[in-house]
2 protein chains.
Amino acid sequence: MHKLAVVAIGGNAVNRPSEPPTAENMLKHLRETMKYLVDLAEEYDLIITHGNGPQVGNLLIQQDMAKDVVPPFPIDVNDAQTQGSLGYMIVQSLHNTLIEKGMKKKICAMITQIVVDENDPAFENPTKPIGPFYNEEEAKRLACEKGWVVVEDAGRGWRRVVPSPKPLDVIELDAIEYLVRSGAIVVAAGGGGIPVVKDAKGHLKGVEAVIDKDRASSLLARLLKADLFLILTGVEKVYLNYKKPGQKPIDVMTVEEAKKYLREGHFHKGSMLPKVEAGIDFVEEVGNTFIITSMEKIKEALGGRTGTRIVQ
Amino acid sequence: MHKLAVVAIGGNAVNRPSEPPTAENMLKHLRETMKYLVDLAEEYDLIITHGNGPQVGNLLIQQDMAKDVVPPFPIDVNDAQTQGSLGYMIVQSLHNTLIEKGMKKKICAMITQIVVDENDPAFENPTKPIGPFYNEEEAKRLACEKGWVVVEDAGRGWRRVVPSPKPLDVIELDAIEYLVRSGAIVVAAGGGGIPVVKDAKGHLKGVEAVIDKDRASSLLARLLKADLFLILTGVEKVYLNYKKPGQKPIDVMTVEEAKKYLREGHFHKGSMLPKVEAGIDFVEEVGNTFIITSMEKIKEALGGRTGTRIVQ
């Protein structure tokens with residue numbers, strides 16, 4: 001049996017904020033990303049996960065502008081839509097890259113539901129900004145009308161915030177494991193998975209929330225006891241005092257050190273913080289290799305020459 | 001090994017034109033549909049396929065109304081988005097229905113790319129109306145600007161038409177077969193599949209087209225030599241002279257009879273015609289059971305007491 005790797009690709013693997021989010025641009029970046037990932041597929045059974053922040057935001061804008069003609073979907077369905085579009089683009093880019101390398105593998109993207117607890121405190125305290133900006137009046141009207149929580153977002157206008165609950169279980173886990181262990185490359189848990197709650201009998205129901213993709217990837221890596229959990233991002237290493245005086249790259253940190261740095265506030269919410277937390281959870285529970293690095297540096301990072309590792 | 005069934009559900013399994021296409025309504029209808037399908041899953045390995053006409057039309061409207069803010073995706077990406085949203089809703093409805101019945105099975109929805117020939121004559125002669133209605137002036141401007149083909153649609157306004165090429169191969173076939181043969185229920189080839197063309201080296205590229213879902217389902221049933229290919233629709237049987245004098249239900253027709261009725265124009269384009277063609281192709285190539293009926297009548301139809309069969 002091959003070793004198993006879970007690899008979370010970052011937003012910059014899909015598109016850059018400086019470029020319009022056309023399918024053409026997204027495919028261009030994904031083709032580039034997949035060049036770095038296929039090397040991994042020679043050595044590892046591979047699960048690829050991805051975010052969906054900008055894509056789900058765009059869907060919300062489109063839904064909002066057409067709301068008098070087409071009823072908007074709730075966020076769980078929007079998450080599913082982005083699993084479709086991004087899953088397709090990743091699978092196709094991967095297929096074309098494998099051909100270039102003369103490799104042949106099954107590849108597929110699977111719609112993934114992830115269970116969260118309906119009593120998760122995140123539902124009492126929504127924090128994840130999502131979708132279009134509104135003016136104050138409109139935001140407050142929407143808050144009344146739809147029961148949304150809205151907040152003023154750093155002087156840029158008002159936005160809806162949604163809960164970001166903790167992922168607890170992966171509904172499609174068996175199918176994902178079965179396929180990846182047969183040698184397939186599986187794209188799964190896109191956008192952090194579609195958040196669902198489970199009642200006492202086991203019935204599922206979608207909820208209006210967004211699961212952090214690094215936390216969802218960590219859950220998948222833990223449930224499958226992955227040999228390698230790799231989070232790809234825009235930088236080669238994690239830093240202490242990032243972009244501040246005393247900035248210092250981290251090569252290796254123990255779980256204890258990582259927790260201390262977290263408490264000291266070294267890692268940004270919405271950026272490095274969830275990645276470090278995802279790594280801590282994985283290393284504590286599974287104890288296998290965890291690395292944060294950039295896609296360009298995968299090889300060097302696996303060779304121990306760059307990237308940031310968290311160890312027991 | 002269980003017998004294998006490919007079941008194509010119709011638009012009325014997802015929603016009714018009389019009801020707004022909210023996620024709530026769609027889930028309500030899908031739950032109803034799945035009650036009829038799970039009985040099949042006791043006897044058969046099951047692949048479920050579905051259309052996406054109304055859903056992709058709504059995405060095009062949303063994209064169009066927001067086009068100054070968010071660049072619209074091409075149709076292949078929209079198809080992928082509907083595979084995500086409908087795949088999710090079907091999988092979740094199925095999961096909840098299985099629980100009611102005390103059954104346990106892996107269930108998953110897989111993003112599916114289907115190969116078409118870039119020289120398919122359909123590309124020279126687009127016929128499938130899609131997306132919003134425009135007035136003549138705007139339609140003609142869009143035709144110039146985007147290279148669309150537009151037509152006047154039965155007095156209701158102008159619409160874009162896209163090619164509906166013949167499906168030739170299923171990229172994810174191995175993964176679908178592997179999973180379904182392990183006892184999973186697999187939702188695949190949604191919306192007729194995402195249409196892609198293949199170059200000499202095997203590289204894939206999405207194309208702006210829509211594959212008929214009955215033809216795509218037939219391809220899947222043929223490639224997997226399904227024991228049963230079932231097309232569910234709004235009526236219990238196929239009719240000669242449907243809604244005309246001399247209307248007559250068909251219980252069984254041979255391939256030769258079916259071809260004769262096609263030539264005589266008994267079956268409506270966009271409704272029964274592609275279903276009968278899909279059945280002819282399947283029966284000619286595989287020779288196994290093919291039935292058209294309504295979801296409420298699956299059991300009776302399998303027992304030979306209703307539905308329309310095509311036989312060799």
# chains A, B, ... in the order shown; residues from 1 in each chain; ligands from 1

call {"tool": "select_by_dssp", "arguments": {"residues": "range 82-302 of chain A", "states": "strand (DSSP E)", "output": "number ranges by chain"}}
result
A: 107-109, 113-115, 128-134, 149-152, 158-162, 169-170, 185-187, 194-198, 204-206, 228-232, 238-240, 248-250, 252-254, 289-293

call {"tool": "calpha_fit_and_write", "arguments": {"fixed": "chain B", "moving": "chain A", "output": "mmCIF file with C-alpha atoms, in the first residue's frame"}}
result
data_model
loop_
_atom_site.group_PDB
_atom_site.id
_atom_site.type_symbol
_atom_site.label_atom_id
_atom_site.label_comp_id
_atom_site.auth_asym_id
_atom_site.auth_seq_id
_atom_site.Cartn_x
_atom_site.Cartn_y
_atom_site.Cartn_z
ATOM 1 C CA MET A 1 -22.011 -9.517 -7.839
ATOM 2 C CA HIS A 2 -25.254 -7.562 -7.804
ATOM 3 C CA LYS A 3 -26.977 -6.573 -10.995
ATOM 4 C CA LEU A 4 -26.238 -3.045 -12.167
ATOM 5 C CA ALA A 5 -28.906 -0.432 -12.880
ATOM 6 C CA VAL A 6 -28.544 3.017 -14.413
ATOM 7 C CA VAL A 7 -31.539 5.181 -13.536
ATOM 8 C CA ALA A 8 -32.107 8.592 -15.143
ATOM 9 C CA ILE A 9 -34.444 10.769 -13.094
ATOM 10 C CA GLY A 10 -36.484 13.460 -14.851
ATOM 11 C CA GLY A 11 -36.914 17.177 -14.276
ATOM 12 C CA ASN A 12 -40.116 16.539 -12.316
ATOM 13 C CA ALA A 13 -38.081 14.509 -9.815
ATOM 14 C CA VAL A 14 -36.317 17.760 -8.894
ATOM 15 C CA ASN A 15 -38.955 20.477 -9.221
ATOM 16 C CA ARG A 16 -42.187 21.537 -10.905
ATOM 17 C CA PRO A 17 -42.420 24.549 -13.244
ATOM 18 C CA SER A 18 -45.352 25.719 -11.074
ATOM 19 C CA GLU A 19 -43.156 26.088 -7.985
ATOM 20 C CA PRO A 20 -40.301 28.529 -7.377
ATOM 21 C CA PRO A 21 -36.947 26.718 -7.736
ATOM 22 C CA THR A 22 -35.880 27.125 -4.118
ATOM 23 C CA ALA A 23 -33.554 24.616 -2.479
ATOM 24 C CA GLU A 24 -36.433 23.792 -0.135
ATOM 25 C CA ASN A 25 -38.787 22.828 -2.972
ATOM 26 C CA MET A 26 -36.073 20.881 -4.770
ATOM 27 C CA LEU A 27 -35.221 18.906 -1.631
ATOM 28 C CA LYS A 28 -38.931 18.215 -1.043
ATOM 29 C CA HIS A 29 -39.312 16.660 -4.496
ATOM 30 C CA LEU A 30 -36.016 14.810 -4.335
ATOM 31 C CA ARG A 31 -36.954 13.238 -0.991
ATOM 32 C CA GLU A 32 -40.130 11.978 -2.627
ATOM 33 C CA THR A 33 -38.191 10.643 -5.629
ATOM 34 C CA MET A 34 -35.613 8.852 -3.498
ATOM 35 C CA LYS A 35 -38.343 6.886 -1.707
ATOM 36 C CA TYR A 36 -39.014 5.151 -4.994
ATOM 37 C CA LEU A 37 -35.351 4.660 -5.831
ATOM 38 C CA VAL A 38 -34.088 3.091 -2.616
ATOM 39 C CA ASP A 39 -36.106 -0.075 -3.192
ATOM 40 C CA LEU A 40 -34.060 -0.582 -6.344
ATOM 41 C CA ALA A 41 -30.859 -0.256 -4.301
ATOM 42 C CA GLU A 42 -31.707 -3.460 -2.401
ATOM 43 C CA GLU A 43 -31.502 -5.488 -5.579
ATOM 44 C CA TYR A 44 -29.162 -3.469 -7.798
ATOM 45 C CA ASP A 45 -25.861 -1.639 -7.725
ATOM 46 C CA LEU A 46 -27.206 1.770 -8.594
ATOM 47 C CA ILE A 47 -26.062 4.731 -10.679
ATOM 48 C CA ILE A 48 -28.381 7.743 -10.663
ATOM 49 C CA THR A 49 -28.204 10.341 -13.434
ATOM 50 C CA HIS A 50 -30.154 13.589 -13.694
ATOM 51 C CA GLY A 51 -30.792 16.589 -15.933
ATOM 52 C CA ASN A 52 -29.976 20.233 -15.196
ATOM 53 C CA GLY A 53 -31.944 22.319 -17.720
ATOM 54 C CA PRO A 54 -33.788 24.661 -15.344
ATOM 55 C CA GLN A 55 -30.824 24.894 -12.959
ATOM 56 C CA VAL A 56 -28.278 25.810 -15.620
ATOM 57 C CA GLY A 57 -30.796 28.281 -17.082
ATOM 58 C CA ASN A 58 -31.055 29.987 -13.687
ATOM 59 C CA LEU A 59 -27.288 30.170 -13.324
ATOM 60 C CA LEU A 60 -27.081 31.846 -16.737
ATOM 61 C CA ILE A 61 -29.692 34.409 -15.657
ATOM 62 C CA GLN A 62 -27.807 35.110 -12.427
ATOM 63 C CA GLN A 63 -24.490 35.399 -14.261
ATOM 64 C CA ASP A 64 -26.038 37.672 -16.846
ATOM 65 C CA MET A 65 -27.540 40.074 -14.310
ATOM 66 C CA ALA A 66 -24.237 40.318 -12.431
ATOM 67 C CA LYS A 67 -21.981 40.380 -15.487
ATOM 68 C CA ASP A 68 -20.634 43.878 -14.805
ATOM 69 C CA VAL A 69 -19.365 42.736 -11.407
ATOM 70 C CA VAL A 70 -18.527 39.044 -11.777
ATOM 71 C CA PRO A 71 -17.305 37.543 -15.078
ATOM 72 C CA PRO A 72 -19.707 34.803 -16.247
ATOM 73 C CA PHE A 73 -18.414 31.233 -16.459
ATOM 74 C CA PRO A 74 -18.703 29.236 -19.693
ATOM 75 C CA ILE A 75 -21.384 26.537 -19.868
ATOM 76 C CA ASP A 76 -19.095 23.613 -19.062
ATOM 77 C CA VAL A 77 -18.330 25.242 -15.702
ATOM 78 C CA ASN A 78 -22.046 25.962 -15.160
ATOM 79 C CA ASP A 79 -22.743 22.288 -15.823
ATOM 80 C CA ALA A 80 -20.164 21.445 -13.177
ATOM 81 C CA GLN A 81 -21.863 23.820 -10.730
ATOM 82 C CA THR A 82 -25.201 22.064 -11.206
ATOM 83 C CA GLN A 83 -23.541 18.672 -10.760
ATOM 84 C CA GLY A 84 -22.432 20.061 -7.401
ATOM 85 C CA SER A 85 -25.757 21.474 -6.255
ATOM 86 C CA LEU A 86 -27.992 18.681 -7.547
ATOM 87 C CA GLY A 87 -25.478 15.976 -6.641
ATOM 88 C CA TYR A 88 -25.458 17.274 -3.086
ATOM 89 C CA MET A 89 -29.232 17.444 -2.820
ATOM 90 C CA ILE A 90 -29.661 13.944 -4.269
ATOM 91 C CA VAL A 91 -26.992 12.418 -2.049
ATOM 92 C CA GLN A 92 -28.448 14.024 1.055
ATOM 93 C CA SER A 93 -32.039 13.018 0.192
ATOM 94 C CA LEU A 94 -30.868 9.489 -0.489
ATOM 95 C CA HIS A 95 -28.931 9.323 2.777
ATOM 96 C CA ASN A 96 -31.994 10.402 4.756
ATOM 97 C CA THR A 97 -34.251 7.965 2.909
ATOM 98 C CA LEU A 98 -31.894 5.041 3.495
ATOM 99 C CA ILE A 99 -31.940 5.811 7.213
ATOM 100 C CA GLU A 100 -35.746 5.647 7.221
ATOM 101 C CA LYS A 101 -35.495 2.201 5.642
ATOM 102 C CA GLY A 102 -32.757 1.035 8.015
ATOM 103 C CA MET A 103 -30.378 0.562 5.076
ATOM 104 C CA LYS A 104 -26.699 1.441 5.094
ATOM 105 C CA LYS A 105 -24.728 2.132 1.903
ATOM 106 C CA LYS A 106 -21.928 4.328 0.674
ATOM 107 C CA ILE A 107 -23.446 7.146 -1.389
ATOM 108 C CA CYS A 108 -21.582 9.720 -3.409
ATOM 109 C CA ALA A 109 -21.917 12.225 -6.220
ATOM 110 C CA MET A 110 -19.078 12.377 -8.695
ATOM 111 C CA ILE A 111 -18.185 15.244 -11.023
ATOM 112 C CA THR A 112 -18.346 13.695 -14.502
ATOM 113 C CA GLN A 113 -16.737 14.882 -17.734
ATOM 114 C CA ILE A 114 -18.078 13.432 -20.980
ATOM 115 C CA VAL A 115 -16.124 13.497 -24.217
ATOM 116 C CA VAL A 116 -17.735 14.829 -27.390
ATOM 117 C CA ASP A 117 -16.231 15.163 -30.881
ATOM 118 C CA GLU A 118 -15.207 18.699 -31.783
ATOM 119 C CA ASN A 119 -16.248 17.853 -35.354
ATOM 120 C CA ASP A 120 -19.718 16.766 -34.234
ATOM 121 C CA PRO A 121 -22.153 18.385 -36.728
ATOM 122 C CA ALA A 122 -24.068 19.752 -33.721
ATOM 123 C CA PHE A 123 -21.353 22.409 -33.387
ATOM 124 C CA GLU A 124 -22.295 23.704 -36.853
ATOM 125 C CA ASN A 125 -25.962 23.658 -35.994
ATOM 126 C CA PRO A 126 -26.705 24.644 -32.390
ATOM 127 C CA THR A 127 -30.287 23.758 -31.470
ATOM 128 C CA LYS A 128 -30.592 23.648 -27.689
ATOM 129 C CA PRO A 129 -32.127 26.878 -26.264
ATOM 130 C CA ILE A 130 -30.505 27.910 -23.021
ATOM 131 C CA GLY A 131 -30.589 30.758 -20.514
ATOM 132 C CA PRO A 132 -32.571 34.004 -20.399
ATOM 133 C CA PHE A 133 -34.796 35.581 -23.053
ATOM 134 C CA TYR A 134 -33.590 38.779 -24.745
ATOM 135 C CA ASN A 135 -35.218 41.301 -27.078
ATOM 136 C CA GLU A 136 -34.116 41.127 -30.695
ATOM 137 C CA GLU A 137 -31.686 44.050 -30.530
ATOM 138 C CA GLU A 138 -29.921 42.809 -27.416
ATOM 139 C CA ALA A 139 -29.808 39.242 -28.733
ATOM 140 C CA LYS A 140 -28.143 40.372 -31.943
ATOM 141 C CA ARG A 141 -25.673 42.535 -30.069
ATOM 142 C CA LEU A 142 -24.723 39.559 -27.855
ATOM 143 C CA ALA A 143 -24.446 37.348 -30.935
ATOM 144 C CA CYS A 144 -21.874 39.759 -32.440
ATOM 145 C CA GLU A 145 -20.087 40.412 -29.182
ATOM 146 C CA LYS A 146 -19.751 36.855 -27.922
ATOM 147 C CA GLY A 147 -20.115 34.786 -31.083
ATOM 148 C CA TRP A 148 -23.356 33.280 -29.805
ATOM 149 C CA VAL A 149 -26.002 31.830 -32.077
ATOM 150 C CA VAL A 150 -29.388 33.299 -31.122
ATOM 151 C CA VAL A 151 -32.871 32.337 -32.310
ATOM 152 C CA GLU A 152 -36.406 33.583 -31.877
ATOM 153 C CA ASP A 153 -38.059 31.113 -29.518
ATOM 154 C CA ALA A 154 -41.755 30.484 -30.276
ATOM 155 C CA GLY A 155 -42.845 34.121 -29.882
ATOM 156 C CA ARG A 156 -41.444 34.344 -26.346
ATOM 157 C CA GLY A 157 -38.334 36.339 -27.251
ATOM 158 C CA TRP A 158 -34.801 35.637 -28.401
ATOM 159 C CA ARG A 159 -32.543 33.076 -26.795
ATOM 160 C CA ARG A 160 -29.092 31.703 -27.164
ATOM 161 C CA VAL A 161 -28.881 28.207 -28.625
ATOM 162 C CA VAL A 162 -25.954 25.904 -27.976
ATOM 163 C CA PRO A 163 -24.823 22.664 -29.624
ATOM 164 C CA SER A 164 -26.035 19.351 -28.230
ATOM 165 C CA PRO A 165 -23.313 16.950 -29.398
ATOM 166 C CA LYS A 166 -23.317 13.180 -29.062
ATOM 167 C CA PRO A 167 -21.601 11.809 -25.929
ATOM 168 C CA LEU A 168 -18.725 9.440 -26.765
ATOM 169 C CA ASP A 169 -16.823 8.563 -23.619
ATOM 170 C CA VAL A 170 -16.963 9.089 -19.848
ATOM 171 C CA ILE A 171 -13.692 10.317 -18.362
ATOM 172 C CA GLU A 172 -14.500 9.193 -14.815
ATOM 173 C CA LEU A 173 -15.837 5.785 -15.924
ATOM 174 C CA ASP A 174 -13.263 3.725 -14.004
ATOM 175 C CA ALA A 175 -13.888 5.552 -10.761
ATOM 176 C CA ILE A 176 -17.670 5.318 -11.192
ATOM 177 C CA GLU A 177 -17.514 1.593 -11.951
ATOM 178 C CA TYR A 178 -15.105 0.884 -9.133
ATOM 179 C CA LEU A 179 -17.340 2.638 -6.610
ATOM 180 C CA VAL A 180 -20.687 1.306 -7.770
ATOM 181 C CA ARG A 181 -19.306 -2.242 -7.892
ATOM 182 C CA SER A 182 -18.230 -1.848 -4.279
ATOM 183 C CA GLY A 183 -21.903 -1.389 -3.413
ATOM 184 C CA ALA A 184 -22.020 2.402 -3.415
ATOM 185 C CA ILE A 185 -24.890 4.351 -4.926
ATOM 186 C CA VAL A 186 -23.219 6.795 -7.313
ATOM 187 C CA VAL A 187 -24.746 9.982 -8.692
ATOM 188 C CA ALA A 188 -22.945 10.615 -11.989
ATOM 189 C CA ALA A 189 -23.182 12.288 -15.399
ATOM 190 C CA GLY A 190 -25.419 15.010 -13.949
ATOM 191 C CA GLY A 191 -26.916 17.345 -16.544
ATOM 192 C CA GLY A 192 -25.674 15.033 -19.281
ATOM 193 C CA GLY A 193 -22.092 15.388 -18.038
ATOM 194 C CA ILE A 194 -19.659 18.251 -18.522
ATOM 195 C CA PRO A 195 -18.904 18.344 -22.274
ATOM 196 C CA VAL A 196 -15.191 18.184 -23.082
ATOM 197 C CA VAL A 197 -13.197 17.609 -26.251
ATOM 198 C CA LYS A 198 -10.013 15.568 -26.363
ATOM 199 C CA ASP A 199 -6.975 16.431 -28.497
ATOM 200 C CA ALA A 200 -4.649 13.932 -30.145
ATOM 201 C CA LYS A 201 -2.570 13.571 -26.998
ATOM 202 C CA GLY A 202 -5.626 13.130 -24.792
ATOM 203 C CA HIS A 203 -5.752 16.612 -23.244
ATOM 204 C CA LEU A 204 -9.256 17.676 -22.238
ATOM 205 C CA LYS A 205 -10.912 21.047 -22.743
ATOM 206 C CA GLY A 206 -14.428 22.127 -21.834
ATOM 207 C CA VAL A 207 -16.760 23.231 -24.636
ATOM 208 C CA GLU A 208 -19.838 25.443 -24.690
ATOM 209 C CA ALA A 209 -22.454 22.784 -25.267
ATOM 210 C CA VAL A 210 -25.092 20.783 -23.438
ATOM 211 C CA ILE A 211 -25.257 17.005 -23.713
ATOM 212 C CA ASP A 212 -28.715 15.474 -23.572
ATOM 213 C CA LYS A 213 -29.008 13.669 -20.246
ATOM 214 C CA ASP A 214 -30.816 10.640 -21.701
ATOM 215 C CA ARG A 215 -28.082 10.142 -24.298
ATOM 216 C CA ALA A 216 -25.379 10.518 -21.623
ATOM 217 C CA SER A 217 -27.184 8.023 -19.380
ATOM 218 C CA SER A 218 -27.443 5.575 -22.267
ATOM 219 C CA LEU A 219 -23.710 5.881 -22.903
ATOM 220 C CA LEU A 220 -22.985 5.125 -19.242
ATOM 221 C CA ALA A 221 -25.389 2.156 -19.274
ATOM 222 C CA ARG A 222 -23.749 0.826 -22.461
ATOM 223 C CA LEU A 223 -20.157 1.280 -21.305
ATOM 224 C CA LEU A 224 -20.948 -0.510 -18.046
ATOM 225 C CA LYS A 225 -23.204 -3.110 -19.709
ATOM 226 C CA ALA A 226 -25.925 -2.359 -17.182
ATOM 227 C CA ASP A 227 -28.472 -5.099 -16.504
ATOM 228 C CA LEU A 228 -31.184 -2.464 -16.288
ATOM 229 C CA PHE A 229 -31.471 0.999 -17.828
ATOM 230 C CA LEU A 230 -34.450 2.895 -16.513
ATOM 231 C CA ILE A 231 -35.553 6.350 -17.658
ATOM 232 C CA LEU A 232 -38.004 7.993 -15.286
ATOM 233 C CA THR A 233 -40.326 10.682 -16.594
ATOM 234 C CA GLY A 234 -43.666 12.331 -15.907
ATOM 235 C CA VAL A 235 -45.768 9.637 -17.594
ATOM 236 C CA GLU A 236 -46.222 5.939 -16.921
ATOM 237 C CA LYS A 237 -45.851 4.852 -20.542
ATOM 238 C CA VAL A 238 -44.791 6.110 -23.959
ATOM 239 C CA TYR A 239 -47.672 6.843 -26.342
ATOM 240 C CA LEU A 240 -48.284 6.769 -30.051
ATOM 241 C CA ASN A 241 -50.116 9.921 -31.198
ATOM 242 C CA TYR A 242 -49.565 11.495 -27.747
ATOM 243 C CA LYS A 243 -52.353 13.989 -26.932
ATOM 244 C CA LYS A 244 -53.757 13.505 -30.439
ATOM 245 C CA PRO A 245 -56.633 11.443 -31.852
ATOM 246 C CA GLY A 246 -55.676 7.785 -31.796
ATOM 247 C CA GLN A 247 -53.462 8.128 -28.702
ATOM 248 C CA LYS A 248 -52.312 4.653 -27.690
ATOM 249 C CA PRO A 249 -49.939 3.512 -24.934
ATOM 250 C CA ILE A 250 -47.024 1.247 -25.843
ATOM 251 C CA ASP A 251 -46.231 -1.680 -23.540
ATOM 252 C CA VAL A 252 -43.396 -3.166 -25.567
ATOM 253 C CA MET A 253 -41.777 -2.193 -28.833
ATOM 254 C CA THR A 254 -38.924 -3.843 -30.670
ATOM 255 C CA VAL A 255 -35.947 -1.765 -31.745
ATOM 256 C CA GLU A 256 -37.312 -1.919 -35.310
ATOM 257 C CA GLU A 257 -40.764 -0.737 -34.236
ATOM 258 C CA ALA A 258 -39.239 2.033 -32.140
ATOM 259 C CA LYS A 259 -37.219 3.252 -35.128
ATOM 260 C CA LYS A 260 -40.336 3.213 -37.302
ATOM 261 C CA TYR A 261 -42.290 5.260 -34.732
ATOM 262 C CA LEU A 262 -39.380 7.717 -34.549
ATOM 263 C CA ARG A 263 -39.448 8.153 -38.333
ATOM 264 C CA GLU A 264 -43.207 8.661 -38.190
ATOM 265 C CA GLY A 265 -42.668 11.531 -35.741
ATOM 266 C CA HIS A 266 -44.540 10.068 -32.777
ATOM 267 C CA PHE A 267 -42.064 11.289 -30.195
ATOM 268 C CA HIS A 268 -41.421 14.916 -29.234
ATOM 269 C CA LYS A 269 -37.968 16.410 -29.523
ATOM 270 C CA GLY A 270 -36.837 17.527 -26.078
ATOM 271 C CA SER A 271 -39.192 15.062 -24.423
ATOM 272 C CA MET A 272 -39.808 11.434 -25.484
ATOM 273 C CA LEU A 273 -37.585 11.384 -28.570
ATOM 274 C CA PRO A 274 -34.176 11.383 -26.822
ATOM 275 C CA LYS A 275 -35.486 8.796 -24.332
ATOM 276 C CA VAL A 276 -36.554 6.383 -27.054
ATOM 277 C CA GLU A 277 -33.281 6.948 -28.926
ATOM 278 C CA ALA A 278 -31.326 6.336 -25.715
ATOM 279 C CA GLY A 279 -33.204 3.076 -25.246
ATOM 280 C CA ILE A 280 -32.673 1.928 -28.827
ATOM 281 C CA ASP A 281 -28.900 2.475 -28.537
ATOM 282 C CA PHE A 282 -28.773 0.571 -25.248
ATOM 283 C CA VAL A 283 -30.884 -2.378 -26.369
ATOM 284 C CA GLU A 284 -29.081 -2.694 -29.712
ATOM 285 C CA GLU A 285 -25.685 -2.724 -28.063
ATOM 286 C CA VAL A 286 -26.241 -4.435 -24.708
ATOM 287 C CA GLY A 287 -29.575 -6.227 -25.134
ATOM 288 C CA ASN A 288 -30.584 -5.912 -21.476
ATOM 289 C CA THR A 289 -33.765 -4.525 -19.910
ATOM 290 C CA PHE A 290 -34.785 -0.993 -20.877
ATOM 291 C CA ILE A 291 -37.893 0.677 -19.468
ATOM 292 C CA ILE A 292 -39.403 4.169 -19.612
ATOM 293 C CA THR A 293 -41.912 4.841 -16.829
ATOM 294 C CA SER A 294 -42.752 7.234 -13.980
ATOM 295 C CA MET A 295 -41.007 7.024 -10.613
ATOM 296 C CA GLU A 296 -44.251 6.028 -8.889
ATOM 297 C CA LYS A 297 -44.507 2.949 -11.097
ATOM 298 C CA ILE A 298 -40.968 1.538 -10.879
ATOM 299 C CA LYS A 299 -42.043 -1.606 -9.030
ATOM 300 C CA GLU A 300 -44.953 -2.393 -11.341
ATOM 301 C CA ALA A 301 -42.799 -1.679 -14.383
ATOM 302 C CA LEU A 302 -40.029 -4.023 -13.197
ATOM 303 C CA GLY A 303 -42.748 -6.636 -12.625
ATOM 304 C CA GLY A 304 -43.842 -6.175 -16.240
ATOM 305 C CA ARG A 305 -47.213 -4.696 -15.278
ATOM 306 C CA THR A 306 -46.674 -1.175 -16.694
ATOM 307 C CA GLY A 307 -44.096 1.106 -18.363
ATOM 308 C CA THR A 308 -42.810 0.911 -21.918
ATOM 309 C CA ARG A 309 -40.055 -1.554 -22.779
ATOM 310 C CA ILE A 310 -37.862 -1.633 -25.836
ATOM 311 C CA VAL A 311 -36.671 -5.132 -26.744
ATOM 312 C CA GLN A 312 -34.446 -6.603 -29.454
#
